[in-house]
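Novice: Next up, structure17.cif (mmCIF, C-alpha atoms).
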data_start
loop_
_atom_site.label_atom_id
_atom_site.label_comp_id
_atom_site.auth_asym_id
_atom_site.auth_seq_id
_atom_site.Cartn_x
_atom_site.Cartn_y
_atom_site.Cartn_z
CA MET A 232 21.59 -7.63 -41.39
CA THR A 233 22.50 -4.05 -42.13
CA GLY A 234 19.12 -2.41 -41.83
CA ILE A 235 15.93 -2.62 -39.83
CA GLN A 236 12.79 -4.30 -41.14
CA ARG A 237 9.71 -2.44 -40.08
CA GLY A 238 6.34 -3.91 -39.34
CA VAL A 239 7.37 -7.10 -37.52
CA THR A 240 6.12 -8.16 -34.12
CA ARG A 241 9.28 -7.29 -32.18
CA GLY A 242 8.80 -3.61 -32.97
CA LEU A 243 11.39 -1.17 -34.17
CA HIS A 244 13.04 -0.70 -30.78
CA GLY A 245 13.36 -4.45 -30.23
CA GLN A 246 14.84 -4.96 -33.69
CA ILE A 247 17.47 -2.28 -33.14
CA VAL A 248 18.48 -3.82 -29.83
CA GLU A 249 18.72 -7.31 -31.33
CA VAL A 250 20.72 -6.25 -34.37
CA MET A 251 23.22 -4.38 -32.24
CA ALA A 252 23.43 -7.23 -29.72
CA GLN A 253 24.03 -9.81 -32.46
CA ARG A 254 26.84 -7.73 -33.93
CA ILE A 255 28.54 -7.64 -30.56
CA LEU A 256 27.94 -11.30 -29.68
CA SER A 257 29.18 -12.46 -33.08
CA GLY A 258 32.34 -10.37 -32.80
CA GLN A 259 31.41 -8.15 -35.72
CA ILE A 260 31.76 -5.34 -33.20
CA PRO A 261 34.58 -6.76 -31.04
CA GLU A 262 35.17 -6.38 -27.32
CA GLY A 263 36.89 -3.11 -26.47
CA SER A 264 36.00 -1.44 -29.74
CA THR A 265 34.46 2.02 -29.86
CA ILE A 266 31.00 2.33 -31.36
CA ASN A 267 30.51 5.29 -33.67
CA VAL A 268 26.91 6.09 -32.85
CA THR A 269 26.41 8.35 -35.85
CA ASP A 270 27.74 5.73 -38.30
CA LEU A 271 25.61 3.06 -36.64
CA GLN A 272 22.53 5.22 -36.94
CA ALA A 273 23.14 5.74 -40.65
CA ASP A 274 23.84 2.04 -41.20
CA LEU A 275 20.61 0.95 -39.51
CA GLY A 276 18.57 3.69 -41.12
CA VAL A 277 16.93 4.80 -37.88
CA SER A 278 16.99 7.91 -35.75
CA LEU A 279 19.86 8.78 -33.44
CA THR A 280 17.40 8.77 -30.55
CA ALA A 281 16.40 5.18 -31.37
CA VAL A 282 20.03 4.07 -31.38
CA ARG A 283 20.70 5.76 -28.06
CA GLU A 284 17.65 4.14 -26.50
CA ALA A 285 18.85 0.75 -27.73
CA LEU A 286 22.28 1.41 -26.27
CA LYS A 287 20.66 2.02 -22.89
CA VAL A 288 19.23 -1.51 -23.02
CA LEU A 289 22.59 -3.00 -23.99
CA THR A 290 24.26 -1.01 -21.22
CA ALA A 291 21.88 -2.53 -18.67
CA LYS A 292 22.88 -5.98 -19.91
CA GLY A 293 26.57 -5.21 -19.52
CA LEU A 294 27.38 -5.26 -23.24
CA VAL A 295 28.37 -1.62 -23.68
CA ASP A 296 29.35 1.40 -21.64
CA ALA A 297 30.22 5.04 -22.26
CA ARG A 298 32.99 7.21 -20.91
CA GLN A 299 33.98 10.82 -21.45
CA LYS A 300 36.66 11.19 -24.14
CA ARG A 301 36.42 7.49 -25.02
CA GLY A 302 32.77 7.45 -26.09
CA THR A 303 30.60 4.33 -26.31
CA PHE A 304 32.47 1.03 -26.34
CA VAL A 305 31.93 -2.71 -26.06
CA ARG A 306 32.73 -4.07 -22.61
CA PRO A 307 34.79 -7.25 -22.05
CA ARG A 308 32.81 -10.48 -22.22
CA SER A 309 33.49 -11.06 -18.52
CA ASP A 310 31.26 -8.04 -17.79
CA TRP A 311 28.29 -9.28 -19.83
CA ASN A 312 25.16 -10.42 -18.01
CA LEU A 313 25.09 -13.90 -19.52
CA LEU A 314 22.23 -15.03 -17.28
CA ASP A 315 19.89 -12.43 -18.75
CA ALA A 316 17.06 -14.14 -20.66
CA ASP A 317 17.54 -11.96 -23.75
CA MET A 318 21.28 -12.62 -23.73
CA ILE A 319 20.73 -16.37 -23.70
CA ARG A 320 18.24 -16.10 -26.55
CA TRP A 321 20.55 -13.87 -28.59
CA HIS A 322 23.37 -16.36 -28.17
CA PHE A 323 21.23 -19.03 -29.78
CA ASP A 324 19.87 -16.80 -32.55
CA ASP A 325 21.70 -17.61 -35.79
CA ASP A 326 23.92 -20.00 -33.80
CA VAL A 327 26.19 -17.16 -32.72
CA ARG A 328 27.81 -19.30 -30.03
CA PRO A 329 26.57 -22.89 -30.36
CA GLU A 330 28.93 -24.18 -27.65
CA LEU A 331 26.56 -22.49 -25.21
CA LEU A 332 24.48 -25.65 -25.61
CA GLU A 333 27.18 -27.62 -23.86
CA GLU A 334 27.56 -25.00 -21.16
CA LEU A 335 23.81 -25.12 -20.60
CA HIS A 336 24.01 -28.88 -20.16
CA GLU A 337 26.81 -28.50 -17.64
CA VAL A 338 24.65 -26.13 -15.62
CA ARG A 339 21.73 -28.53 -15.81
CA GLY A 340 23.98 -31.38 -14.67
CA ILE A 341 24.87 -29.41 -11.55
CA VAL A 342 21.43 -28.00 -10.75
CA GLU A 343 18.73 -30.42 -11.83
CA PRO A 344 19.76 -33.65 -10.06
CA ALA A 345 19.99 -31.70 -6.81
CA ALA A 346 16.67 -30.02 -7.60
CA ALA A 347 15.04 -33.41 -8.13
CA ARG A 348 16.39 -34.57 -4.78
CA LEU A 349 14.98 -31.50 -3.02
CA ALA A 350 11.66 -31.85 -4.84
CA ALA A 351 11.33 -35.41 -3.57
CA LEU A 352 11.76 -34.11 -0.03
CA ARG A 353 9.55 -31.04 -0.30
CA ALA A 354 6.97 -31.39 -3.08
CA ASP A 355 3.35 -30.98 -2.03
CA ASP A 356 0.15 -31.85 -3.86
CA SER A 357 0.16 -28.64 -5.90
CA HIS A 358 3.68 -29.35 -7.16
CA LEU A 359 2.76 -32.91 -8.10
CA THR A 360 -0.31 -31.63 -9.93
CA ALA A 361 1.88 -29.26 -11.97
CA LEU A 362 4.34 -32.05 -12.78
CA ASP A 363 1.51 -34.39 -13.80
CA ALA A 364 0.04 -31.67 -16.01
CA ALA A 365 3.39 -31.25 -17.76
CA LEU A 366 3.55 -35.00 -18.37
CA GLU A 367 0.04 -34.93 -19.84
CA GLU A 368 1.05 -32.10 -22.16
CA MET A 369 4.11 -34.10 -23.16
CA ALA A 370 2.01 -37.18 -23.90
CA SER A 371 -0.49 -35.24 -26.02
CA ALA A 372 2.07 -33.14 -27.93
CA THR A 373 1.57 -33.50 -31.67
CA ASP A 374 4.60 -31.54 -32.85
CA ASP A 375 8.05 -30.43 -31.71
CA LEU A 376 6.82 -27.03 -30.54
CA ALA A 377 4.17 -28.51 -28.26
CA ALA A 378 6.70 -31.02 -26.95
CA ALA A 379 9.18 -28.24 -26.19
CA ILE A 380 6.53 -26.23 -24.33
CA ALA A 381 5.63 -29.28 -22.25
CA ASP A 382 9.31 -29.93 -21.54
CA LEU A 383 9.74 -26.37 -20.27
CA ALA A 384 6.65 -26.72 -18.10
CA PHE A 385 8.07 -29.89 -16.56
CA HIS A 386 11.44 -28.40 -15.67
CA ARG A 387 9.83 -25.21 -14.37
CA ALA A 388 7.49 -27.25 -12.16
CA LEU A 389 10.38 -29.35 -10.87
CA LEU A 390 12.33 -26.25 -9.86
CA ALA A 391 9.25 -24.84 -8.14
CA ALA A 392 8.83 -28.12 -6.23
CA THR A 393 12.18 -27.57 -4.51
CA GLY A 394 10.63 -24.79 -2.45
CA ASN A 395 13.80 -22.78 -3.01
CA GLU A 396 13.11 -19.34 -4.47
CA LEU A 397 16.64 -18.94 -5.79
CA LEU A 398 16.48 -22.25 -7.63
CA THR A 399 13.18 -21.30 -9.23
CA LYS A 400 14.96 -18.32 -10.81
CA MET A 401 17.08 -20.81 -12.77
CA GLU A 402 14.11 -21.11 -15.10
CA VAL A 403 15.42 -17.94 -16.75
CA ILE A 404 18.32 -20.03 -18.02
CA MET A 405 16.31 -23.16 -18.67
CA GLU A 406 13.47 -21.54 -20.58
CA THR A 407 15.34 -20.14 -23.54
CA GLY A 408 18.16 -22.66 -23.48
CA LEU A 409 15.92 -25.72 -23.44
CA ALA A 410 13.66 -24.36 -26.16
CA ASP A 411 16.56 -23.73 -28.50
CA ARG A 412 18.27 -27.01 -27.58
CA ASP A 413 15.08 -28.85 -28.54
CA ARG A 414 14.82 -26.88 -31.76
CA LEU A 415 18.38 -27.72 -32.80
CA VAL A 416 18.18 -31.37 -31.74
CA HIS A 417 14.99 -31.94 -33.69
CA LYS A 418 16.70 -30.68 -36.84
CA VAL A 419 19.28 -33.47 -36.57
CA LYS A 420 17.31 -36.52 -35.43
CA PRO A 421 13.74 -37.73 -35.00
CA SER A 422 12.22 -37.01 -31.62
CA ASP A 423 12.38 -39.86 -29.10
CA ASP A 424 9.52 -40.35 -26.67
CA PRO A 425 10.49 -38.15 -23.71
CA LEU A 426 7.66 -39.35 -21.49
CA PRO A 427 9.22 -42.42 -19.80
CA SER A 428 12.36 -40.64 -18.57
CA HIS A 429 10.38 -37.67 -17.28
CA ARG A 430 7.77 -39.89 -15.66
CA ARG A 431 10.45 -41.74 -13.71
CA VAL A 432 11.50 -38.45 -12.15
CA VAL A 433 7.92 -37.62 -11.19
CA ASP A 434 7.30 -41.10 -9.80
CA ALA A 435 10.34 -40.78 -7.55
CA VAL A 436 9.29 -37.30 -6.42
CA ARG A 437 5.79 -38.60 -5.64
CA ALA A 438 7.30 -41.47 -3.64
CA HIS A 439 9.41 -38.93 -1.71
CA ASP A 440 12.51 -40.90 -2.67
CA PRO A 441 15.32 -38.34 -3.08
CA VAL A 442 17.95 -40.88 -4.17
CA ALA A 443 15.73 -42.29 -6.91
CA ALA A 444 14.67 -38.82 -8.02
CA GLU A 445 18.25 -37.68 -8.36
CA GLN A 446 19.23 -40.81 -10.27
CA ALA A 447 16.23 -40.53 -12.59
CA MET A 448 17.20 -36.97 -13.41
CA ARG A 449 20.80 -37.98 -14.09
CA GLU A 450 19.57 -40.64 -16.50
CA LEU A 451 17.34 -38.07 -18.22
CA LEU A 452 20.30 -35.73 -18.59
CA ALA A 453 22.50 -38.54 -19.92
CA LYS A 454 20.01 -38.97 -22.76
CA ALA A 455 20.07 -35.22 -23.33
CA ALA A 456 23.88 -35.45 -23.55
CA GLU A 457 23.59 -38.06 -26.30
CA ASP A 458 21.28 -35.76 -28.24
CA LEU A 459 23.71 -32.88 -27.76
CA THR A 460 26.60 -34.99 -29.08
CA GLU A 461 24.63 -35.68 -32.25
CA VAL A 462 23.96 -31.97 -32.70
CA ARG A 463 27.50 -30.81 -32.13
CA GLY A 464 29.51 -33.84 -33.20
CA SER A 465 31.85 -35.95 -31.12
CA SER A 466 34.36 -33.11 -30.56
CA PRO A 467 32.63 -30.09 -28.94
CA ARG A 468 34.27 -26.68 -29.34
CA GLY A 469 36.18 -28.08 -32.29
CA SER A 470 38.86 -29.67 -30.09
CA LYS A 471 39.20 -32.71 -27.89
CA PRO A 472 35.98 -34.34 -26.68
CA ARG A 473 35.04 -33.09 -23.26
CA GLY A 474 33.19 -36.29 -22.40
CA ARG A 475 29.56 -37.04 -21.77
CA ARG A 476 27.88 -34.98 -19.11
CA ALA A 477 25.47 -36.68 -16.73
#
Would you write out, as structure tokens, the structure that this file holds?

Specialist:
Amino acid sequence: MTGIQRGVTRGLHGQIVEVMAQRILSGQIPEGSTINVTDLQADLGVSLTAVREALKVLTAKGLVDARQKRGTFVRPRSDWNLLDADMIRWHFDDDVRPELLEELHEVRGIVEPAAARLAALRADDSHLTALDAALEEMASATDDLAAAIADLAFHRALLAATGNELLTKMEVIMETGLADRDRLVHKVKPSDDPLPSHRRVVDAVRAHDPVAAEQAMRELLAKAAEDLTEVRGSSPRGSKPRGRRA
């Protein structure tokens, strides 16, 4: 994309930010390279002010910086705010870095079984009501989009049931990552019924059985790993298989 399409819902400012971010994330504008703001403005066909405003957003996300004599440049990947919701979404847009799917699953494998255990110990009636509502949405979903929304609601409710405010912030990662994982998986294979595996987690949480809740979540994630393998093939990252995550 070399120009900006006007009149879409993201708005001109949002489009400029996304185009510039995608060029950086894809390596079209590589790490360490200097950004010629004037050339970029002419390429995008927007005002210099609009480009500078977009650069402020990318600076806040750790993608770019500016120094006297050096100008505006792309920062090393290690400086990027990869947990930012927009950054996660941009990674999935146009499959810029599809191996992020596997990294997302690794994070889920660390966080969600422990979250299920805590939820079983701490969940109150309001948390159980939210989990039940997510299951009902899952059961009544008539298309992949509705199913994905219900899935997000379930995982968000489970994190909230831990009673840990820091864990609830993990939904920033889960929300975009899960939505795009579901989108990609559904392109490859028909949707399986997600209700039984999710219901087992809720049943264990309701029974205040932390061991069963953790195990049920691990089994749910094992199924997610199988789906991920079908999306990415048996050799993630184009090298040796890294093994199934649970």

Novice: Could you check which of A:Arg308, A:Arg320, A:Arg353, A:His336 is closest to A:Thr460, using only C-alpha atoms?

Specialist: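 Smallest separation from A:Thr460 among the options: A:His336.
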
Novice: Can you work out which one of A:His386, A:Asp458, A:Ala381, A:Ala347 has the shortest atom-to-atom distance to A:Arg437, counting all atoms listed in the file?

Specialist: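 Counting all atoms listed in the file, the residue closest to A:Arg437 is A:Ala347.
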
Novice: To one decimal place in Å, what is the distance between atom CA of A:Met251 and atom CA of A:Leu289?

Specialist: 8.4 Å

Novice: Go through A:Ala378, A:Leu366, A:Gly242, A:Ser357 one by one, measure the shortest atom-to-atom distance of each to A:Gly394 using all atoms listed in the file, and give the residue with the smallest value.

Specialist: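 Looking only at the distances to A:Gly394, the closest residue turns out to be A:Ser357.
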
Novice: Please provide as number ranges by chain all residues within 8 Å of A:Glu450, with the sequence filter that same-chain residues fewer than 3 positions apart are discarded (counting all atoms listed in the file).

Specialist: A: 428, 446-447, 453-454, 477

Novice: Written as a list of chain:residue names, what is the full residue list that the PyMOL selection byres ((chain A and resi 440) around 12) yields on the file shown?

Specialist: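 Taken on the displayed file, the PyMOL selection byres ((chain A and resi 440) around 12) yields the residues A:Ala347, A:Arg348, A:Leu349, A:Ala350, A:Ala351, A:Leu352, A:Arg353, A:Ala354, A:Arg431, A:Val432, A:Val433, A:Asp434, A:Ala435, A:Val436, A:Arg437, A:Ala438, A:His439, A:Pro441, A:Val442, A:Ala443, A:Ala444, A:Glu445, A:Gln446, A:Ala447.
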
Novice: Using all atoms listed in the file, determine which residues lie at most 8 Å from stretch 310-317 of chain A, disregarding the query and same-chain residues fewer than 3 positions distant; provide the list as a PyMOL selection string.

Specialist: chain A and resi 292-294+306-307+320-321+403-404+407

Novice: Using all atoms listed in the file, which of the listed residues (A:Ala372, A:Ile380, A:Lys400, A:Phe385) sits closest to A:Asp424?

Specialist: A:Ala372

Novice: Please rebuild stretch 260-271 of chain A with all heavy atoms and return the result as a PDB file, in the coordinates of the input.

Specialist:
ATOM      1  N   ILE A 260      31.289  -6.490 -33.973  1.00  0.00           N
ATOM      2  CA  ILE A 260      31.760  -5.340 -33.200  1.00  0.00           C
ATOM      3  C   ILE A 260      32.507  -5.935 -32.007  1.00  0.00           C
ATOM      4  O   ILE A 260      31.887  -6.373 -31.040  1.00  0.00           O
ATOM      5  CB  ILE A 260      30.600  -4.446 -32.719  1.00  0.00           C
ATOM      6  CG1 ILE A 260      29.727  -3.993 -33.893  1.00  0.00           C
ATOM      7  CG2 ILE A 260      31.132  -3.227 -31.974  1.00  0.00           C
ATOM      8  CD1 ILE A 260      28.516  -3.166 -33.479  1.00  0.00           C
ATOM      9  N   PRO A 261      33.826  -6.001 -32.047  1.00  0.00           N
ATOM     10  CA  PRO A 261      34.580  -6.760 -31.040  1.00  0.00           C
ATOM     11  C   PRO A 261      34.648  -6.085 -29.673  1.00  0.00           C
ATOM     12  O   PRO A 261      34.399  -4.878 -29.543  1.00  0.00           O
ATOM     13  CB  PRO A 261      35.973  -6.883 -31.661  1.00  0.00           C
ATOM     14  CG  PRO A 261      36.042  -5.855 -32.717  1.00  0.00           C
ATOM     15  CD  PRO A 261      34.666  -5.480 -33.122  1.00  0.00           C
ATOM     16  N   GLU A 262      34.992  -6.890 -28.676  1.00  0.00           N
ATOM     17  CA  GLU A 262      35.170  -6.380 -27.320  1.00  0.00           C
ATOM     18  C   GLU A 262      36.223  -5.266 -27.325  1.00  0.00           C
ATOM     19  O   GLU A 262      37.249  -5.369 -27.993  1.00  0.00           O
ATOM     20  CB  GLU A 262      35.628  -7.500 -26.391  1.00  0.00           C
ATOM     21  CG  GLU A 262      34.646  -8.646 -26.256  1.00  0.00           C
ATOM     22  CD  GLU A 262      35.236  -9.793 -25.467  1.00  0.00           C
ATOM     23  OE1 GLU A 262      35.846  -9.549 -24.416  1.00  0.00           O
ATOM     24  OE2 GLU A 262      35.102 -10.956 -25.920  1.00  0.00           O
ATOM     25  N   GLY A 263      35.947  -4.211 -26.582  1.00  0.00           N
ATOM     26  CA  GLY A 263      36.890  -3.110 -26.470  1.00  0.00           C
ATOM     27  C   GLY A 263      36.788  -2.077 -27.564  1.00  0.00           C
ATOM     28  O   GLY A 263      37.376  -0.993 -27.450  1.00  0.00           O
ATOM     29  N   SER A 264      36.060  -2.384 -28.625  1.00  0.00           N
ATOM     30  CA  SER A 264      36.000  -1.440 -29.740  1.00  0.00           C
ATOM     31  C   SER A 264      35.035  -0.295 -29.436  1.00  0.00           C
ATOM     32  O   SER A 264      34.083  -0.439 -28.676  1.00  0.00           O
ATOM     33  CB  SER A 264      35.552  -2.153 -31.023  1.00  0.00           C
ATOM     34  OG  SER A 264      34.251  -2.664 -30.874  1.00  0.00           O
ATOM     35  N   THR A 265      35.315   0.849 -30.028  1.00  0.00           N
ATOM     36  CA  THR A 265      34.460   2.020 -29.860  1.00  0.00           C
ATOM     37  C   THR A 265      33.351   1.996 -30.892  1.00  0.00           C
ATOM     38  O   THR A 265      33.580   1.662 -32.063  1.00  0.00           O
ATOM     39  CB  THR A 265      35.281   3.310 -30.018  1.00  0.00           C
ATOM     40  OG1 THR A 265      36.308   3.334 -29.015  1.00  0.00           O
ATOM     41  CG2 THR A 265      34.407   4.545 -29.866  1.00  0.00           C
ATOM     42  N   ILE A 266      32.157   2.317 -30.464  1.00  0.00           N
ATOM     43  CA  ILE A 266      31.000   2.330 -31.360  1.00  0.00           C
ATOM     44  C   ILE A 266      30.750   3.761 -31.812  1.00  0.00           C
ATOM     45  O   ILE A 266      30.513   4.657 -30.987  1.00  0.00           O
ATOM     46  CB  ILE A 266      29.750   1.783 -30.652  1.00  0.00           C
ATOM     47  CG1 ILE A 266      29.964   0.324 -30.254  1.00  0.00           C
ATOM     48  CG2 ILE A 266      28.521   1.907 -31.540  1.00  0.00           C
ATOM     49  CD1 ILE A 266      28.828  -0.259 -29.429  1.00  0.00           C
ATOM     50  N   ASN A 267      30.833   3.985 -33.104  1.00  0.00           N
ATOM     51  CA  ASN A 267      30.510   5.290 -33.670  1.00  0.00           C
ATOM     52  C   ASN A 267      28.992   5.363 -33.820  1.00  0.00           C
ATOM     53  O   ASN A 267      28.417   4.764 -34.726  1.00  0.00           O
ATOM     54  CB  ASN A 267      31.202   5.481 -35.025  1.00  0.00           C
ATOM     55  CG  ASN A 267      31.031   6.893 -35.553  1.00  0.00           C
ATOM     56  OD1 ASN A 267      29.929   7.420 -35.591  1.00  0.00           O
ATOM     57  ND2 ASN A 267      32.133   7.508 -35.969  1.00  0.00           N
ATOM     58  N   VAL A 268      28.362   6.066 -32.908  1.00  0.00           N
ATOM     59  CA  VAL A 268      26.910   6.090 -32.850  1.00  0.00           C
ATOM     60  C   VAL A 268      26.307   6.682 -34.115  1.00  0.00           C
ATOM     61  O   VAL A 268      25.292   6.197 -34.632  1.00  0.00           O
ATOM     62  CB  VAL A 268      26.431   6.861 -31.600  1.00  0.00           C
ATOM     63  CG1 VAL A 268      24.905   6.952 -31.574  1.00  0.00           C
ATOM     64  CG2 VAL A 268      26.938   6.180 -30.339  1.00  0.00           C
ATOM     65  N   THR A 269      26.932   7.713 -34.643  1.00  0.00           N
ATOM     66  CA  THR A 269      26.410   8.350 -35.850  1.00  0.00           C
ATOM     67  C   THR A 269      26.475   7.398 -37.047  1.00  0.00           C
ATOM     68  O   THR A 269      25.523   7.279 -37.823  1.00  0.00           O
ATOM     69  CB  THR A 269      27.192   9.632 -36.164  1.00  0.00           C
ATOM     70  OG1 THR A 269      27.116  10.519 -35.039  1.00  0.00           O
ATOM     71  CG2 THR A 269      26.618  10.325 -37.391  1.00  0.00           C
ATOM     72  N   ASP A 270      27.606   6.703 -37.202  1.00  0.00           N
ATOM     73  CA  ASP A 270      27.740   5.730 -38.300  1.00  0.00           C
ATOM     74  C   ASP A 270      26.736   4.594 -38.133  1.00  0.00           C
ATOM     75  O   ASP A 270      26.143   4.116 -39.115  1.00  0.00           O
ATOM     76  CB  ASP A 270      29.160   5.167 -38.336  1.00  0.00           C
ATOM     77  CG  ASP A 270      30.175   6.185 -38.836  1.00  0.00           C
ATOM     78  OD1 ASP A 270      29.753   7.244 -39.343  1.00  0.00           O
ATOM     79  OD2 ASP A 270      31.389   5.914 -38.715  1.00  0.00           O
ATOM     80  N   LEU A 271      26.551   4.144 -36.904  1.00  0.00           N
ATOM     81  CA  LEU A 271      25.610   3.060 -36.640  1.00  0.00           C
ATOM     82  C   LEU A 271      24.196   3.482 -36.979  1.00  0.00           C
ATOM     83  O   LEU A 271      23.430   2.724 -37.584  1.00  0.00           O
ATOM     84  CB  LEU A 271      25.701   2.635 -35.172  1.00  0.00           C
ATOM     85  CG  LEU A 271      24.837   1.444 -34.739  1.00  0.00           C
ATOM     86  CD1 LEU A 271      25.224   0.187 -35.508  1.00  0.00           C
ATOM     87  CD2 LEU A 271      24.983   1.210 -33.233  1.00  0.00           C
TER      88      LEU A 271
END
